[in-house]
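The next block is final15.pdb, given as PDB, C-alpha atoms.
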```
ATOM      1  CA  MET A   1     -11.884  -9.326  16.987
ATOM      2  CA  ARG A   2     -13.419 -11.478  19.720
ATOM      3  CA  ALA A   3     -16.729 -11.533  17.884
ATOM      4  CA  LEU A   4     -14.965 -12.566  14.678
ATOM      5  CA  TRP A   5     -13.070 -15.298  16.498
ATOM      6  CA  ARG A   6     -16.254 -16.646  18.115
ATOM      7  CA  GLN A   7     -18.049 -16.589  14.791
ATOM      8  CA  THR A   8     -15.160 -18.368  13.087
ATOM      9  CA  ARG A   9     -15.066 -21.070  15.760
ATOM     10  CA  SER A  10     -18.777 -21.692  15.317
ATOM     11  CA  PHE A  11     -18.057 -23.319  11.945
ATOM     12  CA  GLY A  12     -16.634 -26.765  11.361
ATOM     13  CA  PRO A  13     -12.895 -27.439  11.017
ATOM     14  CA  THR A  14     -12.942 -27.585   7.220
ATOM     15  CA  ALA A  15     -14.712 -24.225   6.930
ATOM     16  CA  ARG A  16     -12.248 -22.680   9.398
ATOM     17  CA  LEU A  17      -9.357 -24.109   7.401
ATOM     18  CA  LEU A  18     -10.694 -22.571   4.194
ATOM     19  CA  MET A  19     -11.048 -19.161   5.870
ATOM     20  CA  ALA A  20      -7.471 -19.260   7.168
ATOM     21  CA  ASN A  21      -6.381 -20.532   3.771
ATOM     22  CA  GLN A  22      -7.894 -17.512   2.030
ATOM     23  CA  PHE A  23      -6.232 -15.082   4.430
ATOM     24  CA  ALA A  24      -2.833 -16.636   3.725
ATOM     25  CA  ILE A  25      -3.481 -16.767  -0.036
ATOM     26  CA  ASN A  26      -4.239 -13.049  -0.173
ATOM     27  CA  LEU A  27      -1.423 -12.195   2.219
ATOM     28  CA  ALA A  28       1.136 -13.890  -0.032
ATOM     29  CA  PHE A  29      -0.428 -12.717  -3.298
ATOM     30  CA  TYR A  30      -0.644  -9.040  -2.352
ATOM     31  CA  MET A  31       2.766  -9.248  -0.732
ATOM     32  CA  LEU A  32       4.247  -9.788  -4.183
ATOM     33  CA  MET A  33       1.997  -8.641  -7.020
ATOM     34  CA  PRO A  34       1.873  -4.863  -6.311
ATOM     35  CA  TYR A  35       5.665  -4.753  -6.673
ATOM     36  CA  LEU A  36       6.086  -7.083  -9.647
ATOM     37  CA  ALA A  37       5.805  -4.384 -12.315
ATOM     38  CA  ALA A  38       8.475  -2.261 -10.631
ATOM     39  CA  HIS A  39      10.764  -5.298 -10.407
ATOM     40  CA  LEU A  40      10.315  -6.093 -14.086
ATOM     41  CA  ALA A  41      10.879  -2.509 -15.213
ATOM     42  CA  ASP A  42      13.504  -1.279 -12.757
ATOM     43  CA  ASP A  43      15.442  -4.379 -11.697
ATOM     44  CA  LEU A  44      15.295  -6.312 -14.971
ATOM     45  CA  GLY A  45      15.074  -3.311 -17.298
ATOM     46  CA  LEU A  46      12.196  -4.690 -19.376
ATOM     47  CA  ALA A  47      10.312  -2.454 -21.786
ATOM     48  CA  ALA A  48       6.834  -1.266 -20.851
ATOM     49  CA  TRP A  49       5.136  -3.542 -23.393
ATOM     50  CA  THR A  50       7.011  -6.547 -21.998
ATOM     51  CA  VAL A  51       5.938  -5.710 -18.451
ATOM     52  CA  GLY A  52       2.348  -5.437 -19.660
ATOM     53  CA  LEU A  53       2.646  -8.775 -21.438
ATOM     54  CA  VAL A  54       3.880 -10.583 -18.327
ATOM     55  CA  LEU A  55       1.118  -9.081 -16.183
ATOM     56  CA  GLY A  56      -1.493  -9.711 -18.865
ATOM     57  CA  VAL A  57      -0.562 -13.377 -19.146
ATOM     58  CA  ARG A  58      -1.126 -13.773 -15.418
ATOM     59  CA  ASN A  59      -4.555 -12.142 -15.597
ATOM     60  CA  LEU A  60      -5.581 -14.144 -18.651
ATOM     61  CA  SER A  61      -4.399 -17.461 -17.253
ATOM     62  CA  GLN A  62      -6.421 -16.889 -14.075
ATOM     63  CA  GLN A  63      -9.558 -15.028 -15.110
ATOM     64  CA  GLY A  64      -9.795 -16.857 -18.418
ATOM     65  CA  MET A  65      -9.397 -20.311 -16.877
ATOM     66  CA  PHE A  66     -11.973 -20.231 -14.076
ATOM     67  CA  LEU A  67     -14.329 -22.414 -16.115
ATOM     68  CA  ILE A  68     -11.613 -25.037 -16.492
ATOM     69  CA  GLY A  69     -10.732 -24.886 -12.806
ATOM     70  CA  GLY A  70     -14.377 -25.168 -11.783
ATOM     71  CA  THR A  71     -14.966 -28.048 -14.176
ATOM     72  CA  LEU A  72     -11.978 -29.950 -12.794
ATOM     73  CA  ALA A  73     -13.201 -29.391  -9.239
ATOM     74  CA  ASP A  74     -16.695 -30.630 -10.099
ATOM     75  CA  ARG A  75     -15.345 -33.659 -11.914
ATOM     76  CA  PHE A  76     -12.566 -34.769  -9.576
ATOM     77  CA  GLY A  77     -13.487 -33.149  -6.248
ATOM     78  CA  HIS A  78     -12.323 -29.922  -4.661
ATOM     79  CA  ARG A  79      -9.421 -31.170  -2.565
ATOM     80  CA  GLY A  80      -7.175 -31.914  -5.540
ATOM     81  CA  PRO A  81      -7.505 -28.536  -7.298
ATOM     82  CA  ILE A  82      -6.968 -26.651  -4.025
ATOM     83  CA  ILE A  83      -3.751 -28.541  -3.291
ATOM     84  CA  ALA A  84      -2.565 -28.431  -6.913
ATOM     85  CA  GLY A  85      -3.255 -24.702  -7.129
ATOM     86  CA  CYS A  86      -1.268 -23.943  -3.979
ATOM     87  CA  LEU A  87       1.617 -26.099  -5.201
ATOM     88  CA  LEU A  88       1.610 -24.479  -8.639
ATOM     89  CA  ARG A  89       1.610 -20.983  -7.169
ATOM     90  CA  THR A  90       4.518 -21.968  -4.920
ATOM     91  CA  ALA A  91       6.531 -22.769  -8.034
ATOM     92  CA  GLY A  92       5.338 -19.677  -9.900
ATOM     93  CA  PHE A  93       6.208 -17.250  -7.112
ATOM     94  CA  ALA A  94       9.592 -18.871  -6.533
ATOM     95  CA  LEU A  95      10.428 -18.532 -10.236
ATOM     96  CA  LEU A  96       9.349 -14.889 -10.446
ATOM     97  CA  GLY A  97      12.090 -13.909  -8.030
ATOM     98  CA  ARG A  98      14.846 -15.841  -9.763
ATOM     99  CA  VAL A  99      14.384 -15.846 -13.542
ATOM    100  CA  GLU A 100      15.193 -13.005 -15.921
ATOM    101  CA  SER A 101      14.439 -14.249 -19.441
ATOM    102  CA  LEU A 102      11.080 -13.370 -20.974
ATOM    103  CA  PRO A 103      10.000 -16.985 -21.701
ATOM    104  CA  ALA A 104      10.714 -17.994 -18.102
ATOM    105  CA  LEU A 105       8.884 -14.948 -16.749
ATOM    106  CA  LEU A 106       5.874 -15.731 -18.939
ATOM    107  CA  ALA A 107       5.859 -19.340 -17.753
ATOM    108  CA  ALA A 108       6.049 -18.271 -14.108
ATOM    109  CA  SER A 109       3.316 -15.691 -14.632
ATOM    110  CA  ALA A 110       1.043 -18.206 -16.364
ATOM    111  CA  ALA A 111       1.611 -20.753 -13.593
ATOM    112  CA  THR A 112       0.767 -18.153 -10.963
ATOM    113  CA  GLY A 113      -2.462 -17.247 -12.730
ATOM    114  CA  PHE A 114      -3.636 -20.767 -13.518
ATOM    115  CA  ALA A 115      -3.026 -21.702  -9.884
ATOM    116  CA  GLY A 116      -5.685 -19.185  -8.884
ATOM    117  CA  ALA A 117      -8.064 -20.610 -11.473
ATOM    118  CA  LEU A 118      -7.615 -24.009  -9.845
ATOM    119  CA  PHE A 119      -8.122 -23.211  -6.179
ATOM    120  CA  ASN A 120     -10.441 -20.176  -6.169
ATOM    121  CA  PRO A 121     -13.618 -21.856  -7.502
ATOM    122  CA  ALA A 122     -12.930 -24.996  -5.473
ATOM    123  CA  VAL A 123     -12.427 -23.122  -2.194
ATOM    124  CA  ARG A 124     -15.670 -21.185  -2.545
ATOM    125  CA  ALA A 125     -17.767 -24.156  -3.569
ATOM    126  CA  CYS A 126     -16.309 -26.277  -0.785
ATOM    127  CA  LEU A 127     -17.016 -23.557   1.784
ATOM    128  CA  ALA A 128     -20.602 -23.240   0.545
ATOM    129  CA  ALA A 129     -21.206 -26.954   1.017
ATOM    130  CA  GLU A 130     -19.418 -27.158   4.373
ATOM    131  CA  ALA A 131     -21.376 -24.219   5.807
ATOM    132  CA  GLY A 132     -24.727 -25.687   4.829
ATOM    133  CA  GLU A 133     -27.774 -23.976   3.387
ATOM    134  CA  GLU A 134     -28.727 -22.115   6.565
ATOM    135  CA  ARG A 135     -25.294 -20.623   7.351
ATOM    136  CA  ARG A 136     -23.947 -20.065   3.857
ATOM    137  CA  VAL A 137     -24.379 -16.278   3.856
ATOM    138  CA  GLU A 138     -22.809 -16.008   7.308
ATOM    139  CA  ALA A 139     -19.895 -18.206   6.253
ATOM    140  CA  PHE A 140     -19.097 -16.063   3.244
ATOM    141  CA  ALA A 141     -19.373 -12.894   5.332
ATOM    142  CA  VAL A 142     -16.709 -14.226   7.709
ATOM    143  CA  PHE A 143     -14.692 -15.561   4.766
ATOM    144  CA  ASN A 144     -14.711 -12.079   3.240
ATOM    145  CA  VAL A 145     -13.268 -10.565   6.427
ATOM    146  CA  TYR A 146     -10.262 -12.880   6.171
ATOM    147  CA  TYR A 147     -10.060 -12.181   2.440
ATOM    148  CA  GLN A 148      -9.913  -8.420   2.989
ATOM    149  CA  ALA A 149      -7.477  -8.741   5.898
ATOM    150  CA  GLY A 150      -5.035 -10.572   3.650
ATOM    151  CA  MET A 151      -5.392  -7.870   1.002
ATOM    152  CA  LEU A 152      -4.673  -5.194   3.607
ATOM    153  CA  LEU A 153      -1.654  -6.790   5.267
ATOM    154  CA  GLY A 154      -0.044  -8.285   2.158
ATOM    155  CA  PRO A 155       1.309  -5.042   0.635
ATOM    156  CA  LEU A 156       2.629  -3.933   4.030
ATOM    157  CA  ALA A 157       4.504  -7.207   4.463
ATOM    158  CA  GLY A 158       5.841  -6.954   0.921
ATOM    159  CA  LEU A 159       7.023  -3.399   1.492
ATOM    160  CA  ALA A 160       8.927  -4.491   4.586
ATOM    161  CA  LEU A 161      10.554  -7.385   2.720
ATOM    162  CA  LEU A 162      11.601  -5.099  -0.128
ATOM    163  CA  ALA A 163      14.136  -3.638   2.303
ATOM    164  CA  ALA A 164      16.100  -6.778   1.425
ATOM    165  CA  ASP A 165      15.181  -7.309  -2.236
ATOM    166  CA  PHE A 166      12.425  -8.604  -4.489
ATOM    167  CA  THR A 167      13.815 -12.125  -4.284
ATOM    168  CA  ALA A 168      13.107 -12.102  -0.547
ATOM    169  CA  VAL A 169       9.501 -11.103  -1.248
ATOM    170  CA  CYS A 170       9.091 -13.966  -3.713
ATOM    171  CA  THR A 171      10.765 -16.445  -1.391
ATOM    172  CA  VAL A 172       8.489 -15.616   1.534
ATOM    173  CA  ALA A 173       5.375 -15.608  -0.671
ATOM    174  CA  ALA A 174       6.361 -18.991  -2.113
ATOM    175  CA  ALA A 175       7.026 -20.313   1.394
ATOM    176  CA  VAL A 176       3.509 -19.298   2.462
ATOM    177  CA  PHE A 177       2.010 -21.248  -0.431
ATOM    178  CA  ALA A 178       4.294 -24.202   0.258
ATOM    179  CA  ALA A 179       3.031 -24.270   3.841
ATOM    180  CA  LEU A 180      -0.551 -24.034   2.569
ATOM    181  CA  THR A 181       0.066 -26.954   0.222
ATOM    182  CA  VAL A 182       1.200 -29.167   3.090
ATOM    183  CA  LEU A 183      -1.597 -27.948   5.360
ATOM    184  CA  GLN A 184      -4.326 -28.615   2.775
ATOM    185  CA  TRP A 185      -2.867 -32.021   1.969
ATOM    186  CA  ARG A 186      -2.835 -33.046   5.615
ATOM    187  CA  ALA A 187      -6.004 -31.375   6.917
ATOM    188  CA  LEU A 188      -8.478 -31.015   4.050
ATOM    189  CA  PRO A 189     -10.743 -34.065   4.092
ATOM    190  CA  ALA A 190     -10.946 -36.222   1.011
ATOM    191  CA  ARG A 191     -14.553 -36.911   1.920
ATOM    192  CA  GLY A 192     -17.018 -35.745   4.513
ATOM    193  CA  GLY A 193     -20.025 -33.504   4.108
ATOM    194  CA  GLY A 194     -20.908 -30.217   5.664
ATOM    195  CA  PRO A 195     -23.220 -29.754   8.625
ATOM    196  CA  GLY A 196     -26.091 -32.153   8.577
ATOM    197  CA  GLY A 197     -24.804 -33.852   5.454
ATOM    198  CA  SER A 198     -25.252 -30.802   3.276
ATOM    199  CA  GLY A 199     -24.950 -31.325  -0.437
ATOM    200  CA  ARG A 200     -21.945 -30.889  -2.615
ATOM    201  CA  ALA A 201     -21.531 -27.391  -4.011
ATOM    202  CA  SER A 202     -20.838 -26.909  -7.680
ATOM    203  CA  SER A 203     -17.734 -24.884  -8.500
ATOM    204  CA  ARG A 204     -19.444 -23.593 -11.623
ATOM    205  CA  SER A 205     -22.750 -22.617 -10.016
ATOM    206  CA  GLY A 206     -21.767 -19.972  -7.491
ATOM    207  CA  GLY A 207     -21.470 -22.401  -4.595
ATOM    208  CA  ARG A 208     -24.939 -23.981  -4.920
ATOM    209  CA  CYS A 209     -25.229 -27.502  -3.602
ATOM    210  CA  SER A 210     -26.268 -30.338  -5.819
ATOM    211  CA  PRO A 211     -29.117 -32.630  -4.750
ATOM    212  CA  THR A 212     -26.796 -35.638  -4.604
ATOM    213  CA  GLY A 213     -25.787 -35.014  -0.995
ATOM    214  CA  ARG A 214     -22.093 -35.545  -1.730
ATOM    215  CA  SER A 215     -19.356 -33.791   0.183
ATOM    216  CA  CYS A 216     -17.761 -30.663  -1.206
ATOM    217  CA  CYS A 217     -14.490 -32.545  -1.434
ATOM    218  CA  SER A 218     -15.701 -35.790  -2.964
ATOM    219  CA  PRO A 219     -15.576 -36.184  -6.737
ATOM    220  CA  ALA A 220     -18.703 -36.122  -8.857
ATOM    221  CA  ARG A 221     -19.480 -39.400 -10.540
TER     222      ARG A 221
END
```
Could you render the structure from this file as structure tokens?
Amino acid sequence: MRALWRQTRSFGPTARLLMANQFAINLAFYMLMPYLAAHLADDLGLAAWTVGLVLGVRNLSQQGMFLIGGTLADRFGHRGPIIAGCLLRTAGFALLGRVESLPALLAASAATGFAGALFNPAVRACLAAEAGEERRVEAFAVFNVYYQAGMLLGPLAGLALLAADFTAVCTVAAAVFAALTVLQWRALPARGGGPGGSGRASSRSGGRCSPTGRSCCSPAR
């Protein structure tokens, strides 16, 4: 743990923020999603095909929209999609714990998925640019530790919250994303390059930096 902490502190504040951001994203996501199907089937009494539809809409709206999310990040800068994605997932998670009709569940599920399509490409491209060419592999190695830690602890936190009910799980998960929204809005720089003025990373190119030398968070012109 000490080695991880030292390695994390060796990066700039924006890179550290993105690593903490990813831990919290996965913590909240895996706090809720493993138990969503059981909630839909057992608590709401939905048919199996309806449960599959709700879950499928979430997957499609995230995995199928990465190109759109990456394009928006490249066009308008990465800060906006990261903040918008966290805000949208706040709303989606809050709705999942409170609505019961199929149209509302589909809307909440789609919002939750599209939120991931907004912030996931932007976070990775921004981290690539902030870390710089020489430390990019190291940055993503540390980033992955936080990513996996969130995946590990999320289901345990969700299981503990289920002692109350599924609404409590959704409320806490939404609160995490609400806090992330405020944190990104206040702390994520609108402009400012990575170490040594590293170039801006493209959200659609696996985190490669462009030769323009722009910040990861500044919009492409």
Among listed residues A:Ser10, A:Arg58, A:Val182, A:Glu138, nearest Ser109 in chain A (using all atoms listed in the file) =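 Distance minimum relative to Ser109 in chain A lands on A:Arg58.
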To box range 28-38 of chain A, take all atoms listed in the file, fit an axis-aligned box, add 6 Å on each side, and give centre and edge lengths in Å to one decimal, as JSON.
```
{"center_x": 3.9, "center_y": -8.1, "center_z": -6.2, "size_x": 21.1, "size_y": 23.6, "size_z": 24.3}
```
Quick one, how far is CA of Ser101 in chain A from CA of Ala174 in chain A?
->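 Pair CA of Ser101 in chain A / CA of Ala174 in chain A returns 19.7 Å.
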Residues of range 73-107 of chain A within 12 Å of range 32-51 of chain A: nearest atom pair and distance (Å, one decimal) for each, counting all atoms listed in the file, sorted by chain and number, as a Markdown table?
```
| residue | atom | partner | partner_atom | distance |
| --- | --- | --- | --- | --- |
| A:Arg89 | CA | A:Leu32 | CA | 11.9 |
| A:Gly92 | CA | A:Leu32 | CA | 11.5 |
| A:Phe93 | CA | A:Leu32 | CA | 8.3 |
| A:Ala94 | CA | A:Leu32 | CA | 10.8 |
| A:Leu96 | CA | A:Leu36 | CA | 8.5 |
| A:Gly97 | CA | A:His39 | CA | 9.0 |
| A:Arg98 | CA | A:Leu44 | CA | 10.9 |
| A:Val99 | CA | A:Leu44 | CA | 9.7 |
| A:Glu100 | CA | A:Leu44 | CA | 6.8 |
| A:Ser101 | CA | A:Leu44 | CA | 9.1 |
| A:Leu102 | CA | A:Thr50 | CA | 8.0 |
| A:Pro103 | CA | A:Thr50 | CA | 10.9 |
| A:Leu105 | CA | A:Leu40 | CA | 9.4 |
| A:Leu106 | CA | A:Thr50 | CA | 9.7 |
```
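Taking CA of Gly77 in chain A and CA of Thr8 in chain A as endpoints, the distance between them is 24.4 Å.
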Could you pull the residues within 12 Å of Ala84 in chain A, counting all atoms listed in the file, minus those fewer than 3 positions along the same chain, as an mmCIF file with C-alpha atoms, in the coordinates of the input?
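Okay, this is what ended up in selection.cif:
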```
data_model
loop_
_atom_site.group_PDB
_atom_site.id
_atom_site.type_symbol
_atom_site.label_atom_id
_atom_site.label_comp_id
_atom_site.auth_asym_id
_atom_site.auth_seq_id
_atom_site.Cartn_x
_atom_site.Cartn_y
_atom_site.Cartn_z
ATOM 1 C CA GLY A 69 -10.732 -24.886 -12.806
ATOM 2 C CA LEU A 72 -11.978 -29.950 -12.794
ATOM 3 C CA ALA A 73 -13.201 -29.391 -9.239
ATOM 4 C CA GLY A 77 -13.487 -33.149 -6.248
ATOM 5 C CA HIS A 78 -12.323 -29.922 -4.661
ATOM 6 C CA ARG A 79 -9.421 -31.170 -2.565
ATOM 7 C CA GLY A 80 -7.175 -31.914 -5.540
ATOM 8 C CA PRO A 81 -7.505 -28.536 -7.298
ATOM 9 C CA LEU A 87 1.617 -26.099 -5.201
ATOM 10 C CA LEU A 88 1.610 -24.479 -8.639
ATOM 11 C CA ARG A 89 1.610 -20.983 -7.169
ATOM 12 C CA THR A 90 4.518 -21.968 -4.920
ATOM 13 C CA ALA A 91 6.531 -22.769 -8.034
ATOM 14 C CA ALA A 111 1.611 -20.753 -13.593
ATOM 15 C CA THR A 112 0.767 -18.153 -10.963
ATOM 16 C CA PHE A 114 -3.636 -20.767 -13.518
ATOM 17 C CA ALA A 115 -3.026 -21.702 -9.884
ATOM 18 C CA GLY A 116 -5.685 -19.185 -8.884
ATOM 19 C CA ALA A 117 -8.064 -20.610 -11.473
ATOM 20 C CA LEU A 118 -7.615 -24.009 -9.845
ATOM 21 C CA PHE A 119 -8.122 -23.211 -6.179
ATOM 22 C CA ASN A 120 -10.441 -20.176 -6.169
ATOM 23 C CA ALA A 122 -12.930 -24.996 -5.473
ATOM 24 C CA PHE A 177 2.010 -21.248 -0.431
ATOM 25 C CA ALA A 178 4.294 -24.202 0.258
ATOM 26 C CA LEU A 180 -0.551 -24.034 2.569
ATOM 27 C CA THR A 181 0.066 -26.954 0.222
ATOM 28 C CA VAL A 182 1.200 -29.167 3.090
ATOM 29 C CA GLN A 184 -4.326 -28.615 2.775
ATOM 30 C CA TRP A 185 -2.867 -32.021 1.969
#
```
So which residues touch Val123 in chain A within 7 Å, counting only C-alpha atoms, skipping near sequence neighbours fewer than 4 positions away, as a PDB file with C-alpha atoms, in the frame of the given file?
```pdb
ATOM      1  CA  LEU A  18     -10.694 -22.571   4.194  1.00  0.00           C
ATOM      2  CA  ILE A  82      -6.968 -26.651  -4.025  1.00  0.00           C
ATOM      3  CA  PHE A 119      -8.122 -23.211  -6.179  1.00  0.00           C
ATOM      4  CA  LEU A 127     -17.016 -23.557   1.784  1.00  0.00           C
TER       5      LEU A 127
END
```
Determine the residue set returned by the PyMOL selection byres ((chain A and resi 172) around 12) for the present structure, and present it as a PDB file with C-alpha atoms, in the frame of the given file.
```
ATOM      1  CA  ALA A  24      -2.833 -16.636   3.725  1.00  0.00           C
ATOM      2  CA  LEU A  27      -1.423 -12.195   2.219  1.00  0.00           C
ATOM      3  CA  ALA A  28       1.136 -13.890  -0.032  1.00  0.00           C
ATOM      4  CA  PHE A  29      -0.428 -12.717  -3.298  1.00  0.00           C
ATOM      5  CA  TYR A  30      -0.644  -9.040  -2.352  1.00  0.00           C
ATOM      6  CA  MET A  31       2.766  -9.248  -0.732  1.00  0.00           C
ATOM      7  CA  LEU A  32       4.247  -9.788  -4.183  1.00  0.00           C
ATOM      8  CA  THR A  90       4.518 -21.968  -4.920  1.00  0.00           C
ATOM      9  CA  PHE A  93       6.208 -17.250  -7.112  1.00  0.00           C
ATOM     10  CA  ALA A  94       9.592 -18.871  -6.533  1.00  0.00           C
ATOM     11  CA  GLY A  97      12.090 -13.909  -8.030  1.00  0.00           C
ATOM     12  CA  GLY A 154      -0.044  -8.285   2.158  1.00  0.00           C
ATOM     13  CA  ALA A 157       4.504  -7.207   4.463  1.00  0.00           C
ATOM     14  CA  GLY A 158       5.841  -6.954   0.921  1.00  0.00           C
ATOM     15  CA  ALA A 160       8.927  -4.491   4.586  1.00  0.00           C
ATOM     16  CA  LEU A 161      10.554  -7.385   2.720  1.00  0.00           C
ATOM     17  CA  LEU A 162      11.601  -5.099  -0.128  1.00  0.00           C
ATOM     18  CA  ALA A 164      16.100  -6.778   1.425  1.00  0.00           C
ATOM     19  CA  ASP A 165      15.181  -7.309  -2.236  1.00  0.00           C
ATOM     20  CA  PHE A 166      12.425  -8.604  -4.489  1.00  0.00           C
ATOM     21  CA  THR A 167      13.815 -12.125  -4.284  1.00  0.00           C
ATOM     22  CA  ALA A 168      13.107 -12.102  -0.547  1.00  0.00           C
ATOM     23  CA  VAL A 169       9.501 -11.103  -1.248  1.00  0.00           C
ATOM     24  CA  CYS A 170       9.091 -13.966  -3.713  1.00  0.00           C
ATOM     25  CA  THR A 171      10.765 -16.445  -1.391  1.00  0.00           C
ATOM     26  CA  ALA A 173       5.375 -15.608  -0.671  1.00  0.00           C
ATOM     27  CA  ALA A 174       6.361 -18.991  -2.113  1.00  0.00           C
ATOM     28  CA  ALA A 175       7.026 -20.313   1.394  1.00  0.00           C
ATOM     29  CA  VAL A 176       3.509 -19.298   2.462  1.00  0.00           C
ATOM     30  CA  PHE A 177       2.010 -21.248  -0.431  1.00  0.00           C
ATOM     31  CA  ALA A 178       4.294 -24.202   0.258  1.00  0.00           C
ATOM     32  CA  ALA A 179       3.031 -24.270   3.841  1.00  0.00           C
TER      33      ALA A 179
END
```
Any idea what's packed within 12 Å of Ala20 in chain A, counting all atoms listed in the file, ignoring anything in its chain fewer than 5 positions away? Could you give it as a list in words?
->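 The neighbour list is Trp5, Thr8, Arg9, Pro13, Thr14, Ala15, Ile25, Asn26, Leu27, Val123, Leu127, Val142, Phe143, Asn144, Val145, Tyr146, Tyr147, Gln148, Ala149, Gly150, Val176, Leu180, Leu183 and Gln184 of chain A.
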Mind giving me the straight-line distance from CA of Ile68 in chain A to CA of Pro189 in chain A in Å, one decimal?
-> 22.5 Å
